[in-house]
Structure formats: C-alpha cells, structure tokens
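Colleague: The following file, run-v9.pdb, comprises PDB, C-alpha atoms:
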```
ATOM      1  CA  MET N   1     -85.095  43.914-241.749
ATOM      2  CA  LYS N   2     -82.308  46.262-242.776
ATOM      3  CA  THR N   3     -83.200  49.881-243.392
ATOM      4  CA  GLU N   4     -81.828  51.193-246.686
ATOM      5  CA  LEU N   5     -80.766  54.833-246.818
ATOM      6  CA  ASN N   6     -82.156  56.996-249.576
ATOM      7  CA  PHE N   7     -79.598  59.687-250.378
ATOM      8  CA  ASN N   8     -79.453  60.842-253.996
ATOM      9  CA  PHE N   9     -75.741  60.558-254.728
ATOM     10  CA  HIS N  10     -76.135  60.904-258.474
ATOM     11  CA  GLN N  11     -78.182  64.101-258.343
ATOM     12  CA  LYS N  12     -75.510  65.760-256.164
ATOM     13  CA  ARG N  13     -72.593  64.496-258.248
ATOM     14  CA  LYS N  14     -71.664  67.916-259.642
ATOM     15  CA  PHE N  15     -71.353  69.272-256.108
ATOM     16  CA  PHE N  16     -69.022  66.385-255.204
ATOM     17  CA  TYR N  17     -66.955  66.952-258.341
ATOM     18  CA  VAL N  18     -66.629  70.679-257.633
ATOM     19  CA  ALA N  19     -65.741  70.072-253.964
ATOM     20  CA  SER N  20     -62.992  67.657-254.989
ATOM     21  CA  ALA N  21     -61.753  70.019-257.705
ATOM     22  CA  VAL N  22     -61.507  72.910-255.226
ATOM     23  CA  LEU N  23     -59.549  70.810-252.724
ATOM     24  CA  LEU N  24     -57.230  69.504-255.440
ATOM     25  CA  VAL N  25     -56.576  72.976-256.895
ATOM     26  CA  VAL N  26     -55.852  74.463-253.455
ATOM     27  CA  GLY N  27     -53.492  71.568-252.710
ATOM     28  CA  LEU N  28     -51.710  71.816-256.066
ATOM     29  CA  VAL N  29     -51.268  75.589-255.715
ATOM     30  CA  SER N  30     -49.774  75.031-252.258
ATOM     31  CA  LEU N  31     -47.470  72.335-253.635
ATOM     32  CA  ILE N  32     -46.286  74.682-256.389
ATOM     33  CA  PHE N  33     -45.646  77.719-254.178
ATOM     34  CA  GLN N  34     -44.869  76.163-250.789
ATOM     35  CA  GLY N  35     -43.837  72.629-251.582
ATOM     36  CA  LEU N  36     -43.585  70.021-248.854
ATOM     37  CA  ASN N  37     -41.936  70.515-245.486
ATOM     38  CA  GLN N  38     -39.409  67.737-245.939
ATOM     39  CA  GLY N  39     -38.038  65.895-242.917
ATOM     40  CA  ILE N  40     -34.475  64.875-242.235
ATOM     41  CA  GLU N  41     -34.697  61.790-244.482
ATOM     42  CA  PHE N  42     -35.267  64.055-247.494
ATOM     43  CA  GLN N  43     -32.591  66.641-246.874
ATOM     44  CA  SER N  44     -29.081  66.964-245.470
ATOM     45  CA  GLY N  45     -28.781  66.695-241.714
ATOM     46  CA  THR N  46     -26.899  65.362-238.724
ATOM     47  CA  LEU N  47     -27.200  61.821-237.427
ATOM     48  CA  MET N  48     -26.373  61.000-233.787
ATOM     49  CA  ASP N  49     -26.337  57.601-232.081
ATOM     50  CA  LEU N  50     -25.885  57.734-228.326
ATOM     51  CA  LYS N  51     -26.600  55.489-225.372
ATOM     52  CA  PHE N  52     -27.098  57.069-221.950
ATOM     53  CA  ASP N  53     -25.585  55.521-218.848
ATOM     54  CA  ASP N  54     -28.944  56.013-217.116
ATOM     55  CA  SER N  55     -31.360  53.620-218.821
ATOM     56  CA  ALA N  56     -34.278  55.573-217.342
ATOM     57  CA  VAL N  57     -33.672  58.536-219.677
ATOM     58  CA  SER N  58     -36.855  58.953-221.725
ATOM     59  CA  MET N  59     -37.422  60.055-225.305
ATOM     60  CA  GLU N  60     -39.290  63.121-224.049
ATOM     61  CA  GLN N  61     -36.270  64.189-221.980
ATOM     62  CA  VAL N  62     -34.038  63.866-225.042
ATOM     63  CA  ARG N  63     -36.483  65.959-227.073
ATOM     64  CA  GLN N  64     -36.600  68.641-224.369
ATOM     65  CA  VAL N  65     -32.828  69.061-224.570
ATOM     66  CA  LEU N  66     -32.976  69.298-228.367
ATOM     67  CA  ALA N  67     -35.800  71.870-228.097
ATOM     68  CA  GLU N  68     -33.349  74.300-226.492
ATOM     69  CA  TYR N  69     -31.640  74.447-229.885
ATOM     70  CA  GLY N  70     -34.800  74.555-231.984
ATOM     71  CA  LEU N  71     -34.494  70.854-232.815
ATOM     72  CA  GLU N  72     -37.687  69.600-231.177
ATOM     73  CA  ASN N  73     -38.938  68.257-234.516
ATOM     74  CA  SER N  74     -35.960  65.938-234.911
ATOM     75  CA  SER N  75     -36.629  62.261-235.582
ATOM     76  CA  ILE N  76     -35.843  60.239-232.440
ATOM     77  CA  THR N  77     -35.990  56.453-232.245
ATOM     78  CA  LEU N  78     -34.849  53.981-229.606
ATOM     79  CA  ASP N  79     -33.388  50.692-230.801
ATOM     80  CA  SER N  80     -33.445  47.318-229.036
ATOM     81  CA  GLU N  81     -30.047  47.984-227.422
ATOM     82  CA  GLY N  82     -31.199  51.187-225.731
ATOM     83  CA  THR N  83     -29.411  53.478-228.181
ATOM     84  CA  TYR N  84     -31.113  56.710-229.241
ATOM     85  CA  VAL N  85     -30.886  57.423-232.950
ATOM     86  CA  ILE N  86     -31.394  61.146-233.524
ATOM     87  CA  LYS N  87     -31.817  62.685-236.979
ATOM     88  CA  SER N  88     -31.817  66.488-236.967
ATOM     89  CA  LEU N  89     -31.201  69.396-239.283
ATOM     90  CA  GLU N  90     -27.573  69.823-240.217
ATOM     91  CA  LEU N  91     -25.614  71.192-237.265
ATOM     92  CA  SER N  92     -22.349  73.049-237.197
ATOM     93  CA  GLU N  93     -19.496  71.601-235.132
ATOM     94  CA  GLU N  94     -20.032  74.327-232.544
ATOM     95  CA  THR N  95     -23.729  73.486-232.183
ATOM     96  CA  GLN N  96     -22.942  69.769-232.006
ATOM     97  CA  THR N  97     -20.555  70.436-229.138
ATOM     98  CA  SER N  98     -23.173  72.518-227.326
ATOM     99  CA  VAL N  99     -25.855  69.839-227.739
ATOM    100  CA  MET N 100     -23.525  67.151-226.423
ATOM    101  CA  ALA N 101     -22.657  69.334-223.430
ATOM    102  CA  SER N 102     -26.364  69.827-222.680
ATOM    103  CA  PHE N 103     -26.997  66.080-222.835
ATOM    104  CA  LEU N 104     -24.138  65.509-220.393
ATOM    105  CA  SER N 105     -25.215  68.166-217.904
ATOM    106  CA  GLN N 106     -28.955  67.412-217.980
ATOM    107  CA  LEU N 107     -29.182  63.672-218.644
ATOM    108  CA  GLY N 108     -25.864  62.345-217.367
ATOM    109  CA  GLY N 109     -23.104  60.397-219.041
ATOM    110  CA  TYR N 110     -23.488  58.687-222.379
ATOM    111  CA  ASP N 111     -21.637  56.686-224.973
ATOM    112  CA  MET N 112     -21.533  58.513-228.315
ATOM    113  CA  LYS N 113     -21.495  55.729-230.907
ATOM    114  CA  ARG N 114     -21.770  57.914-233.984
ATOM    115  CA  ILE N 115     -22.218  61.517-235.067
ATOM    116  CA  GLU N 116     -22.032  62.404-238.736
ATOM    117  CA  SER N 117     -23.540  64.483-241.489
ATOM    118  CA  VAL N 118     -25.942  62.657-243.814
ATOM    119  CA  GLY N 119     -27.403  63.477-247.196
ATOM    120  CA  PRO N 120     -30.935  63.019-248.551
ATOM    121  CA  ILE N 121     -30.055  59.681-250.175
ATOM    122  CA  VAL N 122     -32.315  57.596-247.916
ATOM    123  CA  GLY N 123     -35.326  59.805-248.578
ATOM    124  CA  LYS N 124     -34.744  59.750-252.323
ATOM    125  CA  GLU N 125     -34.524  55.971-252.308
ATOM    126  CA  LEU N 126     -37.702  55.707-250.234
ATOM    127  CA  THR N 127     -39.540  58.047-252.601
ATOM    128  CA  GLN N 128     -38.317  56.226-255.694
ATOM    129  CA  ASN N 129     -39.254  52.844-254.238
ATOM    130  CA  ALA N 130     -42.676  54.167-253.211
ATOM    131  CA  ILE N 131     -43.323  55.514-256.729
ATOM    132  CA  ILE N 132     -42.244  52.199-258.247
ATOM    133  CA  ALA N 133     -44.417  50.245-255.800
ATOM    134  CA  LEU N 134     -47.389  52.529-256.455
ATOM    135  CA  SER N 135     -46.974  52.245-260.227
ATOM    136  CA  ILE N 136     -46.769  48.445-260.117
ATOM    137  CA  ALA N 137     -49.728  48.239-257.717
ATOM    138  CA  SER N 138     -51.819  50.549-259.904
ATOM    139  CA  ALA N 139     -51.027  48.513-263.024
ATOM    140  CA  LEU N 140     -51.902  45.249-261.269
ATOM    141  CA  MET N 141     -55.117  46.750-259.883
ATOM    142  CA  LEU N 142     -56.089  47.919-263.364
ATOM    143  CA  VAL N 143     -55.619  44.398-264.686
ATOM    144  CA  TYR N 144     -57.362  42.714-261.743
ATOM    145  CA  ILE N 145     -60.377  45.043-261.643
ATOM    146  CA  SER N 146     -60.722  44.919-265.438
ATOM    147  CA  ILE N 147     -60.859  41.110-265.297
ATOM    148  CA  ARG N 148     -63.005  40.902-262.168
ATOM    149  CA  PHE N 149     -65.382  43.690-263.195
ATOM    150  CA  GLN N 150     -64.670  45.722-266.352
ATOM    151  CA  TRP N 151     -62.039  48.244-267.421
ATOM    152  CA  LYS N 152     -64.317  51.230-266.763
ATOM    153  CA  PHE N 153     -64.541  50.218-263.098
ATOM    154  CA  ALA N 154     -60.743  49.950-263.070
ATOM    155  CA  VAL N 155     -60.200  53.447-264.502
ATOM    156  CA  ALA N 156     -62.668  54.974-262.022
ATOM    157  CA  ALA N 157     -60.927  53.191-259.125
ATOM    158  CA  ILE N 158     -57.445  54.390-260.134
ATOM    159  CA  LEU N 159     -58.682  57.965-260.555
ATOM    160  CA  CYS N 160     -60.083  57.794-257.018
ATOM    161  CA  LEU N 161     -56.680  56.618-255.733
ATOM    162  CA  VAL N 162     -54.958  59.522-257.491
ATOM    163  CA  HIS N 163     -57.566  61.833-255.944
ATOM    164  CA  ASP N 164     -56.860  60.545-252.427
ATOM    165  CA  SER N 165     -53.078  60.721-252.828
ATOM    166  CA  LEU N 166     -53.192  64.310-254.100
ATOM    167  CA  ILE N 167     -55.534  65.327-251.268
ATOM    168  CA  MET N 168     -53.016  64.009-248.725
ATOM    169  CA  LEU N 169     -50.075  65.739-250.431
ATOM    170  CA  GLY N 170     -52.005  68.997-250.709
ATOM    171  CA  PHE N 171     -53.082  68.892-247.058
ATOM    172  CA  PHE N 172     -49.520  68.353-245.830
ATOM    173  CA  SER N 173     -48.233  71.104-248.107
ATOM    174  CA  LEU N 174     -50.947  73.571-247.091
ATOM    175  CA  PHE N 175     -50.438  73.129-243.340
ATOM    176  CA  GLN N 176     -46.691  72.437-243.654
ATOM    177  CA  PHE N 177     -46.660  69.273-241.567
ATOM    178  CA  GLU N 178     -43.248  67.679-241.734
ATOM    179  CA  VAL N 179     -43.043  64.894-244.298
ATOM    180  CA  GLU N 180     -41.019  61.920-243.095
ATOM    181  CA  SER N 181     -40.644  58.360-244.328
ATOM    182  CA  SER N 182     -43.758  57.439-242.330
ATOM    183  CA  PHE N 183     -45.792  59.705-244.623
ATOM    184  CA  ILE N 184     -44.983  57.449-247.569
ATOM    185  CA  ALA N 185     -46.195  54.475-245.529
ATOM    186  CA  ALA N 186     -49.392  56.410-244.729
ATOM    187  CA  VAL N 187     -50.039  57.125-248.428
ATOM    188  CA  LEU N 188     -49.583  53.454-249.367
ATOM    189  CA  THR N 189     -51.807  52.380-246.462
ATOM    190  CA  THR N 190     -54.510  54.833-247.540
ATOM    191  CA  ILE N 191     -54.411  53.483-251.087
ATOM    192  CA  GLY N 192     -55.045  49.973-249.771
ATOM    193  CA  TYR N 193     -57.893  51.188-247.574
ATOM    194  CA  SER N 194     -59.466  53.296-250.320
ATOM    195  CA  ILE N 195     -59.359  50.626-253.031
ATOM    196  CA  ASN N 196     -60.932  48.110-250.649
ATOM    197  CA  ASN N 197     -63.824  50.467-249.924
ATOM    198  CA  THR N 198     -64.249  51.303-253.612
ATOM    199  CA  ILE N 199     -64.313  47.626-254.582
ATOM    200  CA  VAL N 200     -67.146  47.043-252.085
ATOM    201  CA  VAL N 201     -69.205  49.744-253.837
ATOM    202  CA  PHE N 202     -68.387  48.404-257.311
ATOM    203  CA  ASP N 203     -69.205  44.857-256.258
ATOM    204  CA  ARG N 204     -72.675  45.977-255.128
ATOM    205  CA  ILE N 205     -73.206  47.875-258.395
ATOM    206  CA  ARG N 206     -72.287  44.782-260.414
ATOM    207  CA  GLU N 207     -74.497  42.587-258.227
ATOM    208  CA  ASN N 208     -77.486  44.904-258.658
ATOM    209  CA  MET N 209     -76.957  45.011-262.436
ATOM    210  CA  LYS N 210     -77.510  41.242-262.454
ATOM    211  CA  LEU N 211     -80.244  40.982-259.810
ATOM    212  CA  ASN N 212     -82.150  44.114-260.800
ATOM    213  CA  PRO N 213     -81.630  44.639-264.552
ATOM    214  CA  LYS N 214     -84.423  47.222-264.633
ATOM    215  CA  TRP N 215     -82.380  49.578-262.458
ATOM    216  CA  LYS N 216     -80.585  52.023-264.711
ATOM    217  CA  GLY N 217     -78.339  55.036-264.245
ATOM    218  CA  GLU N 218     -79.342  57.148-261.268
ATOM    219  CA  GLU N 219     -81.376  54.431-259.546
ATOM    220  CA  LEU N 220     -78.594  51.852-259.913
ATOM    221  CA  ILE N 221     -75.937  54.163-258.459
ATOM    222  CA  ASN N 222     -78.080  55.533-255.644
ATOM    223  CA  ARG N 223     -79.365  52.182-254.428
ATOM    224  CA  SER N 224     -75.992  50.481-254.652
ATOM    225  CA  ILE N 225     -74.139  53.169-252.714
ATOM    226  CA  ASN N 226     -76.926  53.522-250.151
ATOM    227  CA  GLN N 227     -76.784  49.773-249.519
ATOM    228  CA  THR N 228     -73.071  49.971-248.698
ATOM    229  CA  LEU N 229     -73.031  53.372-247.001
ATOM    230  CA  ILE N 230     -73.619  52.181-243.429
ATOM    231  CA  ARG N 231     -70.761  49.711-243.787
ATOM    232  CA  SER N 232     -68.485  52.467-245.139
ATOM    233  CA  ILE N 233     -69.452  54.894-242.371
ATOM    234  CA  ASN N 234     -68.879  52.291-239.653
ATOM    235  CA  LEU N 235     -65.448  51.452-241.035
ATOM    236  CA  ALA N 236     -64.427  55.104-241.421
ATOM    237  CA  MET N 237     -65.656  56.003-237.914
ATOM    238  CA  THR N 238     -63.894  53.032-236.315
ATOM    239  CA  VAL N 239     -60.611  53.930-237.987
ATOM    240  CA  ALA N 240     -61.082  57.626-237.134
ATOM    241  CA  LEU N 241     -61.615  56.857-233.416
ATOM    242  CA  VAL N 242     -58.366  54.886-233.241
ATOM    243  CA  LEU N 243     -56.415  57.516-235.171
ATOM    244  CA  GLY N 244     -57.967  60.321-233.100
ATOM    245  CA  ALA N 245     -56.738  58.669-229.912
ATOM    246  CA  LEU N 246     -53.282  58.266-231.465
ATOM    247  CA  ILE N 247     -53.181  61.930-232.505
ATOM    248  CA  ILE N 248     -54.221  63.159-229.048
ATOM    249  CA  LEU N 249     -52.428  60.648-226.824
ATOM    250  CA  GLY N 250     -49.604  59.424-229.033
ATOM    251  CA  GLY N 251     -46.090  60.786-229.014
ATOM    252  CA  LYS N 252     -44.729  63.424-231.350
ATOM    253  CA  THR N 253     -43.083  60.800-233.532
ATOM    254  CA  THR N 254     -46.357  59.000-234.340
ATOM    255  CA  ARG N 255     -48.642  62.062-234.428
ATOM    256  CA  VAL N 256     -47.806  63.168-237.974
ATOM    257  CA  PHE N 257     -48.206  59.592-239.214
ATOM    258  CA  ALA N 258     -51.628  59.405-237.542
ATOM    259  CA  ILE N 259     -52.669  62.754-239.055
ATOM    260  CA  ALA N 260     -51.705  61.507-242.513
ATOM    261  CA  LEU N 261     -53.767  58.360-242.007
ATOM    262  CA  MET N 262     -56.721  60.421-240.728
ATOM    263  CA  VAL N 263     -56.687  62.604-243.853
ATOM    264  CA  GLY N 264     -56.399  59.491-246.011
ATOM    265  CA  ASN N 265     -59.220  57.794-244.109
ATOM    266  CA  ILE N 266     -61.591  60.732-244.681
ATOM    267  CA  SER N 267     -60.552  61.176-248.315
ATOM    268  CA  GLY N 268     -60.829  57.437-248.995
ATOM    269  CA  PHE N 269     -64.352  57.310-247.554
ATOM    270  CA  TYR N 270     -65.360  60.399-249.515
ATOM    271  CA  SER N 271     -64.035  59.186-252.868
ATOM    272  CA  SER N 272     -65.488  55.680-252.565
ATOM    273  CA  ALA N 273     -68.933  56.868-251.447
ATOM    274  CA  PHE N 274     -69.405  60.076-253.434
ATOM    275  CA  ILE N 275     -67.063  59.910-256.417
ATOM    276  CA  SER N 276     -66.371  56.325-257.528
ATOM    277  CA  GLY N 277     -69.878  55.225-258.542
ATOM    278  CA  ASN N 278     -70.724  58.482-260.272
ATOM    279  CA  LEU N 279     -67.389  58.473-262.070
ATOM    280  CA  TRP N 280     -68.003  54.948-263.349
ATOM    281  CA  LEU N 281     -71.407  56.009-264.660
ATOM    282  CA  GLU N 282     -69.769  58.852-266.617
ATOM    283  CA  PHE N 283     -67.765  56.158-268.457
ATOM    284  CA  LYS N 284     -70.796  53.852-268.880
ATOM    285  CA  PRO N 285     -73.418  55.763-270.883
ATOM    286  CA  ASP N 286     -75.281  52.596-271.903
ATOM    287  CA  VAL N 287     -76.742  52.228-268.374
ATOM    288  CA  LYS N 288     -77.737  55.856-267.925
ATOM    289  CA  THR N 289     -81.187  55.412-269.365
ATOM    290  CA  GLY N 290     -83.796  52.748-269.244
TER     291      GLY N 290
END
```
Any chance you could put this one into structure tokens?
Modeller:
Amino acid sequence: MKTELNFNFHQKRKFFYVASAVLLVVGLVSLIFQGLNQGIEFQSGTLMDLKFDDSAVSMEQVRQVLAEYGLENSSITLDSEGTYVIKSLELSEETQTSVMASFLSQLGGYDMKRIESVGPIVGKELTQNAIIALSIASALMLVYISIRFQWKFAVAAILCLVHDSLIMLGFFSLFQFEVESSFIAAVLTTIGYSINNTIVVFDRIRENMKLNPKWKGEELINRSINQTLIRSINLAMTVALVLGALIILGGKTTRVFAIALMVGNISGFYSSAFISGNLWLEFKPDVKTG
C-alpha cells in the first residue's frame, strides 16, 4: 500500500508566492543593473582555428596557454578533424601574435587555418530563434493544455514556465556566470522538463475532480500534489545527481551548461509542486468551497 504524504500546500501558498516574488525581484534588479555576462557568441571577439602537429595536445593544455593572457574563459571546441576552434574576447594584432608564439613554444607546431574578428551576429540569431521557438511552443502548449484540460490550467502552466525562465536569467545575472549559446539550450530544456512535471500534477488534479467530486479547494490541491510529490522528488533528485557529477567532474566548457540545468531543475520542481496547483485554484473559484 502506498503511503500518501500530507503536506498542506494550499495553506502555505502565500509563503511560496512571496518566496518566488523575492527571487524574481532580486533577479530582475540584477538584470537591470548588472545585465548578463555575455559570452563570445553575443559580443565581438576573435575566432581561431588551429590544428596542432602533436595530436596528443589536450583541450586543458590549450586553455592553460590562453590563461596566461586572461583568456581562460574562452570557448574551446575540438572538431572531428582534430582542429581546435577557439572563440575569445577580441584581441589586438599584438596579442594575437603573442598567443600564437606561446602555442608554438609550449605545444609545438600547428597549422593555423583561420584567425579573424567576429561580431555578435551568431548570438543574436540564436537569441532571436530561441525567442521565436519559445513563443511558438508557448502558444501551442496553451492550445494543447486548454483542449486537454481547460484554459485555466494552461495559463497557470505558462506562468510557471515564465517563472522558471526568469529565475534562471536572474541567477546567471546575479552571479555573473558567462552566458553562452548552451545557456539558451538549457533554458529550452528546463521548459520541457518543467511543463512535463506540471502536467503530471494537473492530470492528477483533473483525475481527482472526477473520482472524488466531494474534494474541493484546499483538499483537492493538497491531496493531488501529495500523491505526485514522491514522483517529482525522485525525478528532481535523479537529475540533480547527474548534473552534480557533471558540475564537479565535467570540463569547464560543460560546467556552466550543467549549472544552468541544475538551477532549472530546482526551479521546475519548485514551481510544479508549490506554485502550479495553487495558481490554478486562484483562477478556479468555483472549486474553492464545498
């Protein structure tokens, strides 16, 4: 026999609302006064493609050389042909020459395939495409959830997604983690995770409305969320363990992406468990009493 938890989510709803409001206000203030620490894709910089004669040269060795010039946060990727693609802050010709000399002396010979200055065009396109994708997805989710459930469920779900997205943006602004293209992928991934968790809660609420019509308001919300809470906790903990390992053991390139997903994972769990059901009930006064 399954043991059902008995936490009063509805009674504590004002605390959850205030906690979310505080986090959102702090994040928005940080966004206004600090903004985001934009990576190379979102600002002008220098792009270098080079292939070392010694195939054993590692990404960490390349980063160590760049660190001598304060470029340790540069984006470094290795393509299938063994070519390192390095995106750094914009460098003067003198600094470029010095960096190339350091590569030669410390890592051996190399074939410089490209070195050029780049603008923020790629980042702008990524951001625009992400906004378009998010807008289309939100519109489709509104339609789908309204048909599958009811429009008040849909509005509550979208508000939770906005909540999670703003929490992630505020967190990255507050702690000034560098925002790269992977951050956009993390936001979109979090939205998918969060809406899935929220739909599970809404599905149980709808099911209980049919199976237990005498349950109204507080009892309906509390029992429905308590019945899904263990599942939500297990999912959030499983994801957190994987992301924690990636943050601790992963390379510098994947660490920021993992941090973004971790923040989204926690925010998505929080909004689906503590906000979504209560928010729906605010829009559904006809089930508040009975």
Colleague: Nearest residue to Gly109 of chain N out of N:Leu50, N:Val201, N:Ala273, N:Ala260, using all atoms listed in the file?
Modeller: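 The closest residue to Gly109 of chain N is N:Leu50.
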Colleague: Atom CA of Thr127 of chain N and atom CA of Gly70 of chain N are how many Å apart?
Modeller: 26.8 Å
Colleague: Please identify all polymer residues within 8 Å of Phe257 of chain N, counting all atoms listed in the file, omitting same-chain residues fewer than 3 positions from it, and present them as a ChimeraX atom specification.
Modeller: /N:182-183,186,253-254,260-261
Colleague: Just checking: using all atoms listed in the file, which residue out of N:Phe103, N:Trp215, N:Gln96, N:Thr189 ends up closest to Val65 of chain N?
Modeller: N:Phe103
Colleague: Could you give me, as JSON lines, a per-residue list for segment 62-110 of chain N showing, wherever an atom lies at most 10 Å from an atom of segment 18-39 of chain N, the closest pair of atoms and their distance in Å to one decimal, using only C-alpha atoms and sorting by chain then residue number from low to high?
Modeller:
```
{"residue": "N:Asn73", "atom": "CA", "partner": "N:Gly39", "partner_atom": "CA", "distance": 8.8}
{"residue": "N:Ser74", "atom": "CA", "partner": "N:Gly39", "partner_atom": "CA", "distance": 8.3}
{"residue": "N:Ser75", "atom": "CA", "partner": "N:Gly39", "partner_atom": "CA", "distance": 8.3}
{"residue": "N:Lys87", "atom": "CA", "partner": "N:Gly39", "partner_atom": "CA", "distance": 9.2}
{"residue": "N:Ser88", "atom": "CA", "partner": "N:Gly39", "partner_atom": "CA", "distance": 8.6}
{"residue": "N:Leu89", "atom": "CA", "partner": "N:Gly39", "partner_atom": "CA", "distance": 8.5}
```
Colleague: Contacts of Ala154 of chain N at 6 Å or less, counting only C-alpha atoms, minus same-chain residues fewer than 6 places along, as a list in words?
Modeller: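 With the cut-off at 6 Å, the set is Leu142, Ile145 and Ser146 of chain N.
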Colleague: Those residues with C-alpha atoms, as a compact mmCIF listing (two decimals), keeping the file's coordinate frame please?
Modeller:
```txt
# COMPACT_ATOMS: atom_id res chain seq x y z
CA LEU N 142 -56.09 47.92 -263.36
CA ILE N 145 -60.38 45.04 -261.64
CA SER N 146 -60.72 44.92 -265.44
```
Colleague: Counting all atoms listed in the file, which residue out of N:Ser165, N:Ser194, N:Thr83, N:Ser44 sits closest to Ser58 of chain N?
Modeller: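 Among N:Ser165, N:Ser194, N:Thr83, N:Ser44, it is N:Thr83 that comes nearest to Ser58 of chain N.
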Colleague: Scan for residues within 9 Å of the point (-25.0, 58.9, -231.8) in the coordinates of the file, using all atoms listed in the file, and reply as a PDB file with C-alpha atoms, in the coordinates of the input.
Modeller:
```pdb
ATOM      1  CA  LEU N  47     -27.200  61.821-237.427  1.00  0.00           C
ATOM      2  CA  MET N  48     -26.373  61.000-233.787  1.00  0.00           C
ATOM      3  CA  ASP N  49     -26.337  57.601-232.081  1.00  0.00           C
ATOM      4  CA  LEU N  50     -25.885  57.734-228.326  1.00  0.00           C
ATOM      5  CA  LYS N  51     -26.600  55.489-225.372  1.00  0.00           C
ATOM      6  CA  THR N  83     -29.411  53.478-228.181  1.00  0.00           C
ATOM      7  CA  TYR N  84     -31.113  56.710-229.241  1.00  0.00           C
ATOM      8  CA  VAL N  85     -30.886  57.423-232.950  1.00  0.00           C
ATOM      9  CA  ILE N  86     -31.394  61.146-233.524  1.00  0.00           C
ATOM     10  CA  ASP N 111     -21.637  56.686-224.973  1.00  0.00           C
ATOM     11  CA  MET N 112     -21.533  58.513-228.315  1.00  0.00           C
ATOM     12  CA  LYS N 113     -21.495  55.729-230.907  1.00  0.00           C
ATOM     13  CA  ARG N 114     -21.770  57.914-233.984  1.00  0.00           C
ATOM     14  CA  ILE N 115     -22.218  61.517-235.067  1.00  0.00           C
ATOM     15  CA  GLU N 116     -22.032  62.404-238.736  1.00  0.00           C
TER      16      GLU N 116
END
```
Colleague: Pick from N:Ala185, N:Val155, N:Arg255, N:Ile275: nearest to Asn197 of chain N, with all atoms listed in the file counted?
Modeller: N:Ile275
Colleague: Between atom CA of Val118 of chain N and atom CA of Gly45 of chain N, what is the spacing in Å?
Modeller: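 These atoms are spaced 5.4 Å apart.
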Colleague: For a quick check of understanding, using only C-alpha atoms, which of N:Ile167, N:Gln227, N:Phe175, N:Trp280 has the smallest distance to Ile266 of chain N?
Modeller: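 Checking each candidate against Ile266 of chain N, we get N:Ile167 as the closest.
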Colleague: Give the answer as one residue: which of N:Leu220, N:Leu229, N:Leu241, N:Ala236 has the shortest atom-to-atom distance to Gly264 of chain N, using only C-alpha atoms?
Modeller: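 The closest residue to Gly264 of chain N is N:Ala236.
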Colleague: Interatomic distance between atom CA of Met59 of chain N and atom CA of Ile76 of chain N?
Modeller: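 For atom CA of Met59 of chain N relative to atom CA of Ile76 of chain N, the distance reads 7.3 Å.
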Colleague: If you count all atoms listed in the file, which residues fall within 10 Å of Gly82 of chain N, apart from same-chain ones fewer than 5 positions away, as a ChimeraX atom specification?
Modeller: /N:50-53,55-57,77
Colleague: So that I have them on file, write out the residues from the current selection with C-alpha atoms, as a PDB file, in the frame of the given file.
Modeller:
```pdb
ATOM      1  CA  LEU N  50     -25.885  57.734-228.326  1.00  0.00           C
ATOM      2  CA  LYS N  51     -26.600  55.489-225.372  1.00  0.00           C
ATOM      3  CA  PHE N  52     -27.098  57.069-221.950  1.00  0.00           C
ATOM      4  CA  ASP N  53     -25.585  55.521-218.848  1.00  0.00           C
ATOM      5  CA  SER N  55     -31.360  53.620-218.821  1.00  0.00           C
ATOM      6  CA  ALA N  56     -34.278  55.573-217.342  1.00  0.00           C
ATOM      7  CA  VAL N  57     -33.672  58.536-219.677  1.00  0.00           C
ATOM      8  CA  THR N  77     -35.990  56.453-232.245  1.00  0.00           C
TER       9      THR N  77
END
```
Colleague: How would you write, as an mmCIF file with C-alpha atoms, keeping the file's coordinate frame, the residues chosen by the PyMOL selection byres ((chain N and resi 106) around 12) on this structure?
Modeller:
```cif
data_model
loop_
_atom_site.group_PDB
_atom_site.id
_atom_site.type_symbol
_atom_site.label_atom_id
_atom_site.label_comp_id
_atom_site.auth_asym_id
_atom_site.auth_seq_id
_atom_site.Cartn_x
_atom_site.Cartn_y
_atom_site.Cartn_z
ATOM 1 C CA PHE N 52 -27.098 57.069 -221.950
ATOM 2 C CA ASP N 54 -28.944 56.013 -217.116
ATOM 3 C CA VAL N 57 -33.672 58.536 -219.677
ATOM 4 C CA GLN N 61 -36.270 64.189 -221.980
ATOM 5 C CA VAL N 62 -34.038 63.866 -225.042
ATOM 6 C CA ARG N 63 -36.483 65.959 -227.073
ATOM 7 C CA GLN N 64 -36.600 68.641 -224.369
ATOM 8 C CA VAL N 65 -32.828 69.061 -224.570
ATOM 9 C CA LEU N 66 -32.976 69.298 -228.367
ATOM 10 C CA GLU N 68 -33.349 74.300 -226.492
ATOM 11 C CA VAL N 99 -25.855 69.839 -227.739
ATOM 12 C CA MET N 100 -23.525 67.151 -226.423
ATOM 13 C CA ALA N 101 -22.657 69.334 -223.430
ATOM 14 C CA SER N 102 -26.364 69.827 -222.680
ATOM 15 C CA PHE N 103 -26.997 66.080 -222.835
ATOM 16 C CA LEU N 104 -24.138 65.509 -220.393
ATOM 17 C CA SER N 105 -25.215 68.166 -217.904
ATOM 18 C CA LEU N 107 -29.182 63.672 -218.644
ATOM 19 C CA GLY N 108 -25.864 62.345 -217.367
ATOM 20 C CA GLY N 109 -23.104 60.397 -219.041
ATOM 21 C CA TYR N 110 -23.488 58.687 -222.379
#
```
Colleague: Taking the file as I've supplied it (selection: the PyMOL selection byres ((chain N and resi 223) around 10)), which residues are included? Please answer as a list of chain:residue names.
Modeller: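 Going through the file, the PyMOL selection byres ((chain N and resi 223) around 10) ends up selecting N:Glu4, N:Leu5, N:Asn6, N:Phe7, N:Asn8, N:Phe9, N:Arg204, N:Ile205, N:Asn208, N:Trp215, N:Glu218, N:Glu219, N:Leu220, N:Ile221, N:Asn222, N:Ser224, N:Ile225, N:Asn226, N:Gln227, N:Thr228, N:Leu229.
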Colleague: First collect every listed atom of segment 21-35 of chain N; then fit an axis-aligned box around them, widen it by 3 Å on each side, and give centre and edge lengths in Å to one decimal, as JSON.
Modeller:
```
{"center_x": -52.8, "center_y": 73.6, "center_z": -254.2, "size_x": 23.9, "size_y": 14.2, "size_z": 12.9}
```
